[in-house]
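Visitor: Here you go, my_file.tsv (TSV, C-alpha atoms):
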chain	number	residue	atom	x	y	z
O	22	MET	CA	-51.83	-18.60	-32.82
O	23	ARG	CA	-50.76	-15.38	-31.18
O	24	ARG	CA	-48.32	-16.11	-28.36
O	25	ALA	CA	-49.55	-14.80	-25.02
O	26	GLY	CA	-47.31	-13.56	-22.23
O	27	LEU	CA	-46.96	-15.59	-19.04
O	28	ASP	CA	-49.46	-13.36	-17.31
O	29	GLN	CA	-52.05	-13.62	-20.09
O	30	THR	CA	-54.42	-16.37	-21.18
O	31	PRO	CA	-53.66	-17.80	-24.63
O	32	SER	CA	-56.06	-16.41	-27.21
O	33	GLU	CA	-57.24	-19.85	-28.39
O	34	ASP	CA	-58.92	-20.40	-25.01
O	35	PHE	CA	-61.59	-17.90	-26.07
O	36	THR	CA	-62.60	-19.62	-29.27
O	37	PRO	CA	-65.88	-21.58	-29.32
O	38	ALA	CA	-63.91	-24.85	-29.25
O	39	GLY	CA	-61.80	-23.65	-26.30
O	40	ILE	CA	-64.86	-22.55	-24.35
O	41	ALA	CA	-66.62	-25.86	-25.09
O	42	GLN	CA	-63.57	-27.80	-23.85
O	43	THR	CA	-63.43	-25.74	-20.65
O	44	ARG	CA	-67.12	-26.48	-20.02
O	45	LYS	CA	-66.49	-30.23	-20.48
O	46	GLU	CA	-63.59	-30.08	-18.02
O	47	PHE	CA	-65.68	-28.22	-15.40
O	48	LYS	CA	-68.48	-30.77	-15.75
O	49	ALA	CA	-66.03	-33.66	-15.32
O	50	VAL	CA	-64.54	-32.09	-12.20
O	51	ALA	CA	-67.98	-31.38	-10.73
O	52	ALA	CA	-69.06	-34.98	-11.39
O	53	ALA	CA	-65.93	-36.39	-9.72
O	54	ILE	CA	-66.06	-34.30	-6.52
O	55	HIS	CA	-68.53	-36.62	-4.75
O	56	GLN	CA	-66.42	-39.71	-5.50
O	57	PHE	CA	-63.22	-37.89	-4.49
O	58	ARG	CA	-64.75	-36.95	-1.14
O	59	ALA	CA	-66.17	-40.44	-0.58
O	60	GLU	CA	-62.93	-42.18	-1.56
O	61	PRO	CA	-60.02	-39.76	-1.18
O	62	PRO	CA	-56.75	-40.83	-2.75
O	63	VAL	CA	-54.09	-42.51	-0.63
O	64	LEU	CA	-51.45	-40.06	0.57
O	65	PRO	CA	-48.09	-40.47	-1.17
O	66	ALA	CA	-45.54	-42.43	0.87
O	67	CYS	CA	-42.58	-41.02	-1.03
O	68	PRO	CA	-40.61	-37.80	-0.54
O	69	THR	CA	-42.86	-34.96	-1.70
O	70	VAL	CA	-42.27	-31.26	-2.22
O	71	LEU	CA	-45.23	-28.91	-2.67
O	72	LEU	CA	-44.23	-25.77	-4.55
O	73	SER	CA	-46.62	-22.93	-3.77
O	74	ALA	CA	-46.94	-19.79	-5.88
O	75	SER	CA	-46.23	-16.67	-3.83
O	76	ARG	CA	-48.10	-14.45	-6.32
O	77	PRO	CA	-51.36	-16.21	-7.24
O	78	LEU	CA	-53.30	-14.68	-10.12
O	79	ARG	CA	-56.65	-15.01	-8.39
O	80	ARG	CA	-57.86	-14.72	-4.83
O	81	ARG	CA	-54.84	-12.66	-3.82
O	82	GLU	CA	-56.57	-11.65	-0.59
O	83	ASN	CA	-56.70	-15.36	0.37
O	84	ARG	CA	-53.13	-16.26	-0.57
O	85	HIS	CA	-52.05	-16.65	3.07
O	86	LEU	CA	-55.01	-19.02	3.70
O	87	ILE	CA	-54.17	-21.07	0.61
O	88	ALA	CA	-50.52	-21.32	1.64
O	89	GLU	CA	-51.53	-22.34	5.16
O	90	HIS	CA	-53.83	-25.07	3.80
O	91	GLN	CA	-51.01	-26.34	1.56
O	92	ARG	CA	-48.56	-26.27	4.49
O	93	ARG	CA	-50.99	-28.27	6.67
O	94	TYR	CA	-51.51	-30.82	3.88
O	95	VAL	CA	-47.75	-31.37	3.53
O	96	GLU	CA	-47.48	-31.91	7.28
O	97	THR	CA	-49.76	-34.95	6.90
O	98	LEU	CA	-47.27	-36.61	4.53
O	99	PRO	CA	-44.59	-38.95	5.86
O	100	ASP	CA	-41.81	-37.06	4.03
O	101	GLY	CA	-43.38	-33.82	2.80
O	102	ARG	CA	-41.90	-30.37	2.39
O	103	PHE	CA	-43.60	-27.04	1.60
O	104	GLU	CA	-41.75	-24.33	-0.33
O	105	GLN	CA	-43.00	-21.02	-1.66
O	106	VAL	CA	-41.72	-19.96	-5.07
O	107	ASP	CA	-41.61	-16.42	-6.43
O	108	SER	CA	-44.12	-17.12	-9.15
O	109	SER	CA	-47.75	-16.87	-10.12
O	110	HIS	CA	-49.94	-19.89	-10.93
O	111	PHE	CA	-47.81	-21.67	-13.57
O	112	ILE	CA	-44.61	-22.25	-11.61
O	113	GLN	CA	-43.33	-24.76	-14.17
O	114	ALA	CA	-43.57	-22.12	-16.93
O	115	GLU	CA	-42.27	-19.16	-14.95
O	116	GLN	CA	-39.57	-20.88	-12.91
O	117	PRO	CA	-38.59	-24.04	-14.82
O	118	ALA	CA	-35.08	-24.11	-13.35
O	119	ILE	CA	-36.47	-24.21	-9.80
O	120	VAL	CA	-38.91	-27.00	-10.68
O	121	ALA	CA	-36.15	-28.99	-12.41
O	122	GLU	CA	-33.82	-28.53	-9.42
O	123	LYS	CA	-36.50	-29.76	-6.99
O	124	VAL	CA	-37.22	-32.83	-9.16
O	125	ARG	CA	-33.47	-33.57	-9.40
O	126	HIS	CA	-33.19	-33.26	-5.62
O	127	LEU	CA	-36.07	-35.73	-5.11
O	128	LEU	CA	-34.57	-38.19	-7.61
O	129	ASP	CA	-31.09	-37.87	-6.10
O	130	GLY	CA	-32.54	-38.61	-2.66
O	131	ALA	CA	-34.37	-41.65	-4.03
O	132	SER	CA	-31.19	-43.02	-5.62
O	133	ARG	CA	-29.21	-42.55	-2.37
O	134	THR	CA	-31.82	-44.39	-0.30
O	135	GLY	CA	-32.22	-47.20	-2.79
O	136	ALA	CA	-35.83	-46.31	-3.48
O	137	PRO	CA	-37.03	-47.60	-6.82
O	138	GLY	CA	-36.67	-45.11	-9.63
O	139	PRO	CA	-38.93	-44.65	-12.60
O	140	PRO	CA	-39.73	-47.84	-14.53
O	141	ASP	CA	-37.35	-48.83	-17.32
O	142	ARG	CA	-39.21	-48.08	-20.55
O	143	SER	CA	-36.42	-49.08	-22.92
O	144	PRO	CA	-37.30	-51.76	-25.47
O	145	PRO	CA	-36.21	-55.30	-24.62
O	146	PRO	CA	-33.02	-56.52	-26.30
O	147	ALA	CA	-33.53	-58.06	-29.71
O	148	GLN	CA	-33.59	-61.86	-29.73
O	149	SER	CA	-31.63	-63.55	-32.45
O	150	ALA	CA	-33.47	-66.07	-34.56
O	151	GLY	CA	-31.84	-69.40	-34.12
Produce structure tokens that represent the structure in this file.
Guide:
Amino acid sequence: MRRAGLDQTPSEDFTPAGIAQTRKEFKAVAAAIHQFRAEPPVLPACPTVLLSASRPLRRRENRHLIAEHQRRYVETLPDGRFEQVDSSHFIQAEQPAIVAEKVRHLLDGASRTGAPGPPDRSPPPAQSAG
């Protein structure tokens, strides 16, 4: 595989298998839209930060409308925060340190308030045969 730059699409996306997978994903999204609208998900009741790309790859002329929609969505959350990041679409790839810092901040806040953390996924202690 030829490695693509952050502003390029990986070359394997344009293989027949990649195109077929993209079509499957579009069909699944289209099929789920009616259910999503009929039964929207419950809003998160935990601290939430929405990181918004300041340099979207597409629809650049609408970026202020997209950011405003995201800002309004966050205002509906009990503990939501909107932050723009100097990035294009894949913030986690372009600005991993910022994403990691925001996650750490959310987890630190949860530990200070006594909110439950992630589930313990460690294996149970071994039982001795007796």
Visitor: So what do you get for atom CA of O:Leu127 versus atom CA of O:Gly101, distance-wise?
Guide: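 One can read the atom CA of O:Leu127 to atom CA of O:Gly101 distance as 10.9 Å.
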Visitor: Find the spatial neighbours of stretch 84-92 of chain O, counting all atoms listed in the file, within a cut-off of 12 Å - ignore same-chain residues fewer than 5 positions away - and output them as a compact mmCIF listing (two decimals) with C-alpha atoms, keeping the file's coordinate frame.
Guide:
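New file result_10.txt:
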# COMPACT_ATOMS: atom_id res chain seq x y z
CA VAL O 70 -42.27 -31.26 -2.22
CA LEU O 71 -45.23 -28.91 -2.67
CA LEU O 72 -44.23 -25.77 -4.55
CA SER O 73 -46.62 -22.93 -3.77
CA ALA O 74 -46.94 -19.79 -5.88
CA SER O 75 -46.23 -16.67 -3.83
CA ARG O 76 -48.10 -14.45 -6.32
CA PRO O 77 -51.36 -16.21 -7.24
CA LEU O 78 -53.30 -14.68 -10.12
CA ARG O 79 -56.65 -15.01 -8.39
CA THR O 97 -49.76 -34.95 6.90
CA LEU O 98 -47.27 -36.61 4.53
CA GLY O 101 -43.38 -33.82 2.80
CA ARG O 102 -41.90 -30.37 2.39
CA PHE O 103 -43.60 -27.04 1.60
CA GLU O 104 -41.75 -24.33 -0.33
CA GLN O 105 -43.00 -21.02 -1.66
CA VAL O 106 -41.72 -19.96 -5.07
CA SER O 109 -47.75 -16.87 -10.12
CA HIS O 110 -49.94 -19.89 -10.93
Visitor: Please measure the separation of atom CA of O:Lys123 and atom CA of O:Pro68, giving the value in Å to one decimal.
Guide: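 So the answer is 11.1 Å.
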Visitor: From the set O:Pro99, O:Ala38, O:Ala51, O:Arg93, which residue has the shortest atom-to-atom contact distance to O:Ala66, counting all atoms listed in the file?
Guide: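 Ranking O:Pro99, O:Ala38, O:Ala51, O:Arg93 by distance to O:Ala66, first place goes to O:Pro99.
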Visitor: I'd like the interatomic distance between atom CA of O:Gly130 and atom CA of O:Pro65, to a tenth of an Å.
Guide: 15.7 Å
Visitor: Choose the residue, out of O:Leu128, O:Thr43, O:Ile112, O:Thr36, that has the smallest atom-to-atom separation from O:Cys67; count only C-alpha atoms.
Guide: O:Leu128
